[in-house]
Amino acid sequence: LTKDPALQVIPGRDMQRIQCYFNLRKPAFQDVRVRQALLGYGIDRQAIAKTALLGLAQPLWSFVAPGSKGHIDFGDQFPYNPEKAKELLREAGYDAKNPLRFTIMTHGAEAALPAAATILKAQYAELGVEVTVEILDRPIFLWRLTRARDWDQLVNFSGGAFDIYALTRLIDTRAGNNSPNHQDKHVDALIDRLREATSEEAYLQAGHDLQRYVTENMLYQSVTTLPFTQAARKFVKGYGSFYAYNRFESTWLDK
């Protein structure tokens with residue numbers, strides 16, 4: 001695309017992400033030490049971004065991407081630290097004699113997903129965790145995710161969102177998807193604070209509190225951003241992406 005002089009290429013903001021959270025219906029993942037070991041300290045997000053996404057992505061811990069309003073970077077709080085991850089797994093009862101075993105479910109609709117899942121498998125192996133990667137057709141993947149809900153960990157991509165509230169339907173236990181199948185009512189209470197905020201300051205604070213709680217407890221995590229680009233002929237004016245979609249009200253053609 002960049003070699004075509006008739007095209008304008010517009011990079012999108014980092015609002016999409018690759019997710020890697022656990023199914024909290026499964027007993028092993030109801031232990032926060034296991035989640036922090038495997039989603040916090042035990043994976044090298046930089047390596048995944050460099051290898052699976054050719055260095056075009058950036059590491060991401062939160063479910064709120066950096067291009068979205070209110071994003072917090074948790075890299076300093078959860079640096080890559082395999083020894084810390086092993087320590088937490090031992091505390092949770094997993095070691096060489098009793099290794100943790102599970103399956104990562106993903107699909108091939110986005111080419112980076114199988115690569116990311118395979119890298120996760122290799123990084124988990126260094127912690128003594130035995131993982132199988134299952135690559136499904138996307139319709140079957142979505143049925144397993146939303147209907148059967150019989151998976152262990154998934155690797156998936158998400159759409160973009162302007163701010164944290166647009167994503168709360170994915171973690172509210174009372175409505176929406178509740179994608180990680182959690183039953184933490186404090187999350188619901190934090191969502192209500194966000195919904196009921198009467199000022200910009202209160203809204204941002206509620207969003208930050210929700211984001212911190214979800215990330216510190218590793219309830220619904222990301223591994224990297226998911227970069228994208230869009231292109232248009234140069235005679236198309238006002239075309240520019242700030243989101244996953246364009247606002248064509250501001251796009252025109254000269255007569």
# chains A, B, ... in the order shown; residues from 1 in each chain; ligands from 1
>>> residues_around(residues="range 71-73 of chain A", least_positions_apart="6", cutoff="9 Å", atoms="only C-alpha atoms", output="list in words")
Leu60, Trp61, Ser62, Phe63, Val64, Ala65, Asp163, Ile164, Gly207, His208, Gln211 and Arg212 of chain A
>>> write_last_selection(atoms="C-alpha atoms", output="JSON list (two decimals), in the first residue's frame")
[["chain", "number", "residue", "atom", "x", "y", "z"],
["A", 60, "LEU", "CA", -0.72, -4.38, 27.17],
["A", 61, "TRP", "CA", -1.89, -5.54, 30.61],
["A", 62, "SER", "CA", -5.24, -3.78, 30.95],
["A", 63, "PHE", "CA", -8.46, -4.52, 29.10],
["A", 64, "VAL", "CA", -8.43, -0.81, 28.19],
["A", 65, "ALA", "CA", -6.11, -0.11, 25.24],
["A", 163, "ASP", "CA", -13.39, 4.51, 26.86],
["A", 164, "ILE", "CA", -13.77, 1.99, 29.65],
["A", 207, "GLY", "CA", -12.88, 4.06, 35.54],
["A", 208, "HIS", "CA", -9.36, 3.99, 36.95],
["A", 211, "GLN", "CA", -9.35, -0.89, 35.66],
["A", 212, "ARG", "CA", -6.95, -1.29, 38.60]]
>>> select_by_dssp(residues="range 52-129 of chain A", states="alpha helix (DSSP H)", output="count of residues only")
25
>>> residues_around(residues="Glu87 in chain A", least_positions_apart="5", cutoff="9 Å", atoms="only C-alpha atoms", output="list in words")
Ala37, Pro82 and Ala92 of chain A
>>> select_by_dssp(residues="range 45-187 of chain A", states="strand (DSSP E or B)", output="ChimeraX atom specification")
/A:59,69,101-107,130-136,153-154,156-157,163
>>> residues_around(residues="Asp4 in chain A", least_positions_apart="2", cutoff="12 Å", atoms="only C-alpha atoms", output="VMD selection string")
chain A and resid 1 to 2 6 to 9 231 to 234
>>> closest_residue(among="A:Ile191, A:Leu219, A:Ile171, A:Ala57", to="Val34 in chain A", atoms="only C-alpha atoms")
A:Leu219
>>> residues_around(residues="Leu88 in chain A", least_positions_apart="6", cutoff="12 Å", atoms="only C-alpha atoms", output="list in words")
Asp31, Val32, Arg33, Val34, Arg35, Gln36, Ala37, Leu38, Leu39, Gly40, Tyr41, Gly42, Asn81, Pro82, Tyr94, Asp95 and Leu127 of chain A
>>> residues_around(residues="range 18-25 of chain A", least_positions_apart="6", cutoff="8 Å", atoms="only C-alpha atoms", output="CSV table (one decimal) with C-alpha atoms, in the first residue's frame")
chain,number,residue,atom,x,y,z
A,35,ARG,CA,-3.8,-15.8,37.4
A,39,LEU,CA,-1.1,-13.3,33.2
A,63,PHE,CA,-8.5,-4.5,29.1
A,113,LEU,CA,-3.5,-15.2,17.2
A,149,ARG,CA,-18.2,-21.7,27.8
A,151,TRP,CA,-12.6,-23.4,27.4
A,152,ASP,CA,-9.7,-22.9,29.8
A,153,GLN,CA,-7.8,-19.9,28.4
A,154,LEU,CA,-8.4,-18.0,25.2
A,155,VAL,CA,-6.4,-15.8,22.8
A,156,ASN,CA,-8.7,-13.5,20.9
A,157,PHE,CA,-8.8,-10.0,19.4
A,158,SER,CA,-11.1,-7.3,20.4
A,180,PRO,CA,-14.4,-14.4,31.7
A,181,ASN,CA,-17.3,-16.0,33.6
A,182,HIS,CA,-16.4,-14.4,36.9
A,218,MET,CA,-6.2,-10.6,36.5
A,219,LEU,CA,-9.9,-11.0,35.8
A,220,TYR,CA,-9.9,-9.9,32.1
A,221,GLN,CA,-6.5,-9.3,30.5
A,222,SER,CA,-4.8,-8.3,27.3
A,223,VAL,CA,-1.4,-9.3,26.1
A,224,THR,CA,-0.7,-6.7,23.3
A,225,THR,CA,-2.4,-4.0,21.3
A,226,LEU,CA,-3.6,-5.0,17.8
>>> residues_around(residues="His186 in chain A", least_positions_apart="2", cutoff="12 Å", atoms="only C-alpha atoms", output="list in words")
Ile171, Asp172, Thr173, His182, Gln183, Asp184, Asp188, Ala189, Leu190, Ile191, Asp192, Arg193, Asp209, Leu210, Tyr213, Val214, Asn217 and Leu219 of chain A
>>> closest_residue(among="A:Glu201, A:Asp14, A:Glu196, A:Glu130", to="Phe102 in chain A", atoms="only C-alpha atoms")
A:Glu130
>>> atom_distance(atom1="CA of Ile119 in chain A", atom2="CA of Gly55 in chain A")
14.4 Å
>>> closest_residue(among="A:Thr168, A:Gln77, A:Gln123, A:Thr51", to="Glu216 in chain A", atoms="only C-alpha atoms")
A:Gln77
>>> closest_atom_pairs(of="range 54-123 of chain A", to="range 131-140 of chain A", cutoff="8 Å", atoms="only C-alpha atoms", output="JSON lines")
{"residue": "A:Arg101", "atom": "CA", "partner": "A:Val131", "partner_atom": "CA", "distance": 5.8}
{"residue": "A:Phe102", "atom": "CA", "partner": "A:Val131", "partner_atom": "CA", "distance": 5.2}
{"residue": "A:Thr103", "atom": "CA", "partner": "A:Thr132", "partner_atom": "CA", "distance": 4.7}
{"residue": "A:Ile104", "atom": "CA", "partner": "A:Val133", "partner_atom": "CA", "distance": 4.8}
{"residue": "A:Met105", "atom": "CA", "partner": "A:Glu134", "partner_atom": "CA", "distance": 4.8}
{"residue": "A:Thr106", "atom": "CA", "partner": "A:Ile135", "partner_atom": "CA", "distance": 5.0}
{"residue": "A:His107", "atom": "CA", "partner": "A:Leu136", "partner_atom": "CA", "distance": 4.7}
{"residue": "A:Gly108", "atom": "CA", "partner": "A:Ile135", "partner_atom": "CA", "distance": 6.8}
{"residue": "A:Ala109", "atom": "CA", "partner": "A:Arg138", "partner_atom": "CA", "distance": 6.5}
{"residue": "A:Pro114", "atom": "CA", "partner": "A:Ile135", "partner_atom": "CA", "distance": 6.8}
{"residue": "A:Ala117", "atom": "CA", "partner": "A:Val133", "partner_atom": "CA", "distance": 6.7}
{"residue": "A:Thr118", "atom": "CA", "partner": "A:Val133", "partner_atom": "CA", "distance": 6.8}
{"residue": "A:Lys121", "atom": "CA", "partner": "A:Val131", "partner_atom": "CA", "distance": 5.7}
>>> write_last_selection(atoms="all heavy atoms", output="CSV table (one decimal), in the first residue's frame")
chain,number,residue,atom,x,y,z
A,101,ARG,N,-1.9,-28.1,34.0
A,101,ARG,CA,-2.2,-28.4,32.6
A,101,ARG,C,-3.5,-27.8,32.2
A,101,ARG,O,-4.5,-27.9,32.9
A,101,ARG,CB,-2.2,-29.9,32.4
A,101,ARG,CG,-1.0,-30.7,32.8
A,101,ARG,CD,-1.1,-32.2,32.5
A,101,ARG,NE,0.1,-32.9,32.8
A,101,ARG,CZ,0.3,-33.6,33.9
A,101,ARG,NH1,-0.6,-33.5,34.9
A,101,ARG,NH2,1.4,-34.2,34.1
A,102,PHE,N,-3.5,-27.2,31.0
A,102,PHE,CA,-4.7,-26.6,30.4
A,102,PHE,C,-4.5,-26.4,28.9
A,102,PHE,O,-3.5,-26.6,28.4
A,102,PHE,CB,-5.1,-25.4,31.2
A,102,PHE,CG,-4.2,-24.2,31.1
A,102,PHE,CD1,-4.2,-23.3,30.1
A,102,PHE,CD2,-3.2,-24.1,32.1
A,102,PHE,CE1,-3.3,-22.2,30.0
A,102,PHE,CE2,-2.3,-23.0,32.0
A,102,PHE,CZ,-2.4,-22.1,31.0
A,103,THR,N,-5.6,-25.9,28.3
A,103,THR,CA,-5.6,-25.7,26.9
A,103,THR,C,-5.9,-24.2,26.6
A,103,THR,O,-6.7,-23.6,27.2
A,103,THR,CB,-6.7,-26.6,26.2
A,103,THR,OG1,-6.4,-27.9,26.4
A,103,THR,CG2,-6.8,-26.3,24.7
A,104,ILE,N,-5.2,-23.7,25.6
A,104,ILE,CA,-5.4,-22.4,25.1
A,104,ILE,C,-6.2,-22.5,23.8
A,104,ILE,O,-5.8,-23.2,22.9
A,104,ILE,CB,-4.1,-21.6,24.8
A,104,ILE,CG1,-3.3,-21.4,26.1
A,104,ILE,CG2,-4.4,-20.3,24.1
A,104,ILE,CD1,-2.0,-20.7,25.8
A,105,MET,N,-7.4,-21.8,23.8
A,105,MET,CA,-8.3,-21.9,22.6
A,105,MET,C,-8.1,-20.6,21.8
A,105,MET,O,-8.2,-19.5,22.4
A,105,MET,CB,-9.7,-22.0,23.1
A,105,MET,CG,-10.7,-22.1,22.0
A,105,MET,SD,-12.4,-22.3,22.6
A,105,MET,CE,-12.8,-20.6,23.1
A,106,THR,N,-8.0,-20.7,20.5
A,106,THR,CA,-7.9,-19.5,19.7
A,106,THR,C,-8.4,-19.9,18.3
A,106,THR,O,-8.9,-21.0,18.1
A,106,THR,CB,-6.5,-19.0,19.6
A,106,THR,OG1,-6.5,-17.7,19.0
A,106,THR,CG2,-5.5,-19.9,18.8
A,107,HIS,N,-8.3,-18.9,17.4
A,107,HIS,CA,-8.8,-19.1,16.0
A,107,HIS,C,-7.9,-18.4,15.0
A,107,HIS,O,-6.9,-17.8,15.4
A,107,HIS,CB,-10.2,-18.6,15.8
A,107,HIS,CG,-10.4,-17.2,16.1
A,107,HIS,ND1,-10.1,-16.2,15.1
A,107,HIS,CD2,-10.7,-16.5,17.2
A,107,HIS,CE1,-10.4,-15.0,15.6
A,107,HIS,NE2,-10.7,-15.1,16.8
A,108,GLY,N,-8.1,-18.6,13.7
A,108,GLY,CA,-7.1,-18.1,12.7
A,108,GLY,C,-7.6,-16.9,11.9
A,108,GLY,O,-7.0,-16.6,10.9
A,109,ALA,N,-8.7,-16.3,12.4
A,109,ALA,CA,-9.3,-15.2,11.6
A,109,ALA,C,-8.3,-14.0,11.6
A,109,ALA,O,-8.3,-13.2,10.7
A,109,ALA,CB,-10.7,-14.8,12.1
A,114,PRO,N,-2.8,-17.4,16.4
A,114,PRO,CA,-2.1,-18.7,16.6
A,114,PRO,C,-0.7,-18.5,17.0
A,114,PRO,O,-0.1,-19.3,17.8
A,114,PRO,CB,-2.3,-19.4,15.3
A,114,PRO,CG,-3.5,-18.8,14.7
A,114,PRO,CD,-3.5,-17.4,15.1
A,117,ALA,N,-0.6,-17.5,20.7
A,117,ALA,CA,-0.9,-18.6,21.5
A,117,ALA,C,0.3,-19.6,21.6
A,117,ALA,O,0.6,-20.1,22.7
A,117,ALA,CB,-2.1,-19.3,21.0
A,118,THR,N,1.0,-19.8,20.5
A,118,THR,CA,2.1,-20.7,20.5
A,118,THR,C,3.3,-20.1,21.4
A,118,THR,O,4.0,-20.9,22.1
A,118,THR,CB,2.6,-20.9,19.1
A,118,THR,OG1,1.5,-21.5,18.3
A,118,THR,CG2,3.8,-21.9,19.0
A,121,LYS,N,2.4,-20.7,25.0
A,121,LYS,CA,2.7,-22.0,25.3
A,121,LYS,C,4.1,-22.2,25.7
A,121,LYS,O,4.5,-22.9,26.7
A,121,LYS,CB,2.3,-23.0,24.2
A,121,LYS,CG,2.6,-24.4,24.4
A,121,LYS,CD,2.3,-25.3,23.2
A,121,LYS,CE,2.7,-26.7,23.5
A,121,LYS,NZ,2.3,-27.6,22.4
>>> closest_residue(among="A:Gly128, A:Phe162, A:Gly176, A:Val236", to="Thr146 in chain A", atoms="only C-alpha atoms")
A:Gly176
>>> closest_residue(among="A:Leu253, A:Leu54, A:Ala175, A:Ala47", to="Ala111 in chain A", atoms="only C-alpha atoms")
A:Leu54
>>> decode(residues="range 37-67 of chain A", atoms="N, CA, C and O atoms", output="compact mmCIF listing (two decimals), in the first residue's frame")
# COMPACT_ATOMS: atom_id res chain seq x y z
N ALA A 37 0.38 -15.23 38.36
CA ALA A 37 1.58 -15.91 37.87
C ALA A 37 1.59 -15.98 36.35
O ALA A 37 2.61 -15.66 35.71
N LEU A 38 0.48 -16.38 35.78
CA LEU A 38 0.44 -16.66 34.34
C LEU A 38 0.11 -15.45 33.49
O LEU A 38 0.55 -15.36 32.33
N LEU A 39 -0.67 -14.52 34.00
CA LEU A 39 -1.05 -13.35 33.21
C LEU A 39 -0.29 -12.09 33.61
O LEU A 39 -0.27 -11.11 32.87
N GLY A 40 0.33 -12.14 34.79
CA GLY A 40 1.07 -10.98 35.26
C GLY A 40 2.56 -11.12 35.05
O GLY A 40 3.16 -10.48 34.19
N TYR A 41 3.19 -12.02 35.83
CA TYR A 41 4.64 -12.12 35.85
C TYR A 41 5.20 -13.15 34.87
O TYR A 41 6.38 -13.09 34.52
N GLY A 42 4.38 -14.08 34.43
CA GLY A 42 4.91 -15.24 33.72
C GLY A 42 4.99 -15.14 32.22
O GLY A 42 5.51 -16.06 31.58
N ILE A 43 4.49 -14.07 31.62
CA ILE A 43 4.56 -13.94 30.16
C ILE A 43 5.32 -12.68 29.76
O ILE A 43 5.18 -11.64 30.39
N ASP A 44 6.11 -12.83 28.72
CA ASP A 44 6.92 -11.72 28.18
C ASP A 44 6.12 -11.08 27.06
O ASP A 44 6.17 -11.50 25.91
N ARG A 45 5.37 -10.04 27.40
CA ARG A 45 4.52 -9.37 26.42
C ARG A 45 5.33 -8.71 25.31
O ARG A 45 4.89 -8.65 24.16
N GLN A 46 6.49 -8.20 25.67
CA GLN A 46 7.33 -7.55 24.66
C GLN A 46 7.73 -8.54 23.58
O GLN A 46 7.74 -8.22 22.38
N ALA A 47 8.07 -9.76 23.97
CA ALA A 47 8.45 -10.79 23.01
C ALA A 47 7.29 -11.17 22.11
O ALA A 47 7.46 -11.40 20.91
N ILE A 48 6.09 -11.22 22.68
CA ILE A 48 4.90 -11.53 21.88
C ILE A 48 4.64 -10.43 20.88
O ILE A 48 4.36 -10.68 19.70
N ALA A 49 4.74 -9.17 21.33
CA ALA A 49 4.52 -8.04 20.43
C ALA A 49 5.55 -8.02 19.31
O ALA A 49 5.22 -7.75 18.14
N LYS A 50 6.79 -8.34 19.63
CA LYS A 50 7.87 -8.30 18.64
C LYS A 50 7.74 -9.43 17.64
O LYS A 50 7.97 -9.24 16.43
N THR A 51 7.36 -10.62 18.11
CA THR A 51 7.37 -11.80 17.25
C THR A 51 6.04 -12.01 16.54
O THR A 51 5.98 -12.11 15.31
N ALA A 52 4.95 -12.05 17.29
CA ALA A 52 3.65 -12.35 16.69
C ALA A 52 3.10 -11.18 15.90
O ALA A 52 2.33 -11.37 14.95
N LEU A 53 3.48 -9.94 16.27
CA LEU A 53 2.97 -8.76 15.59
C LEU A 53 4.06 -7.91 14.96
O LEU A 53 3.89 -6.73 14.72
N LEU A 54 5.23 -8.55 14.70
CA LEU A 54 6.31 -7.95 13.92
C LEU A 54 6.80 -6.63 14.49
O LEU A 54 7.29 -5.76 13.77
N GLY A 55 6.67 -6.45 15.80
CA GLY A 55 7.13 -5.23 16.44
C GLY A 55 6.23 -4.04 16.26
O GLY A 55 6.57 -2.93 16.68
N LEU A 56 5.06 -4.23 15.66
CA LEU A 56 4.15 -3.12 15.39
C LEU A 56 3.20 -2.86 16.56
O LEU A 56 2.57 -1.80 16.62
N ALA A 57 3.07 -3.81 17.47
CA ALA A 57 2.19 -3.67 18.63
C ALA A 57 3.00 -3.24 19.84
O ALA A 57 4.23 -3.14 19.80
N GLN A 58 2.31 -2.99 20.94
CA GLN A 58 2.97 -2.71 22.20
C GLN A 58 2.36 -3.57 23.30
O GLN A 58 1.20 -3.97 23.21
N PRO A 59 3.15 -3.91 24.32
CA PRO A 59 2.62 -4.74 25.41
C PRO A 59 1.43 -4.07 26.07
O PRO A 59 1.35 -2.85 26.17
N LEU A 60 0.50 -4.90 26.55
CA LEU A 60 -0.72 -4.38 27.17
C LEU A 60 -1.15 -5.31 28.28
O LEU A 60 -1.24 -6.52 28.07
N TRP A 61 -1.42 -4.76 29.46
CA TRP A 61 -1.89 -5.54 30.61
C TRP A 61 -3.39 -5.33 30.83
O TRP A 61 -4.11 -6.25 31.16
N SER A 62 -3.85 -4.12 30.66
CA SER A 62 -5.24 -3.78 30.95
C SER A 62 -6.18 -4.26 29.84
O SER A 62 -5.75 -4.56 28.73
N PHE A 63 -7.47 -4.29 30.15
CA PHE A 63 -8.46 -4.52 29.10
C PHE A 63 -8.83 -3.22 28.39
O PHE A 63 -9.62 -3.22 27.45
N VAL A 64 -8.23 -2.11 28.83
CA VAL A 64 -8.43 -0.81 28.19
C VAL A 64 -7.16 -0.49 27.40
O VAL A 64 -6.07 -0.40 27.96
N ALA A 65 -7.28 -0.33 26.10
CA ALA A 65 -6.11 -0.11 25.24
C ALA A 65 -5.60 1.32 25.36
O ALA A 65 -6.36 2.22 25.75
N PRO A 66 -4.34 1.59 25.04
CA PRO A 66 -3.77 2.92 25.24
C PRO A 66 -4.40 4.02 24.40
O PRO A 66 -4.28 5.19 24.74
N GLY A 67 -5.07 3.67 23.30
CA GLY A 67 -5.74 4.68 22.51
C GLY A 67 -7.10 5.07 23.05
O GLY A 67 -7.74 5.98 22.53
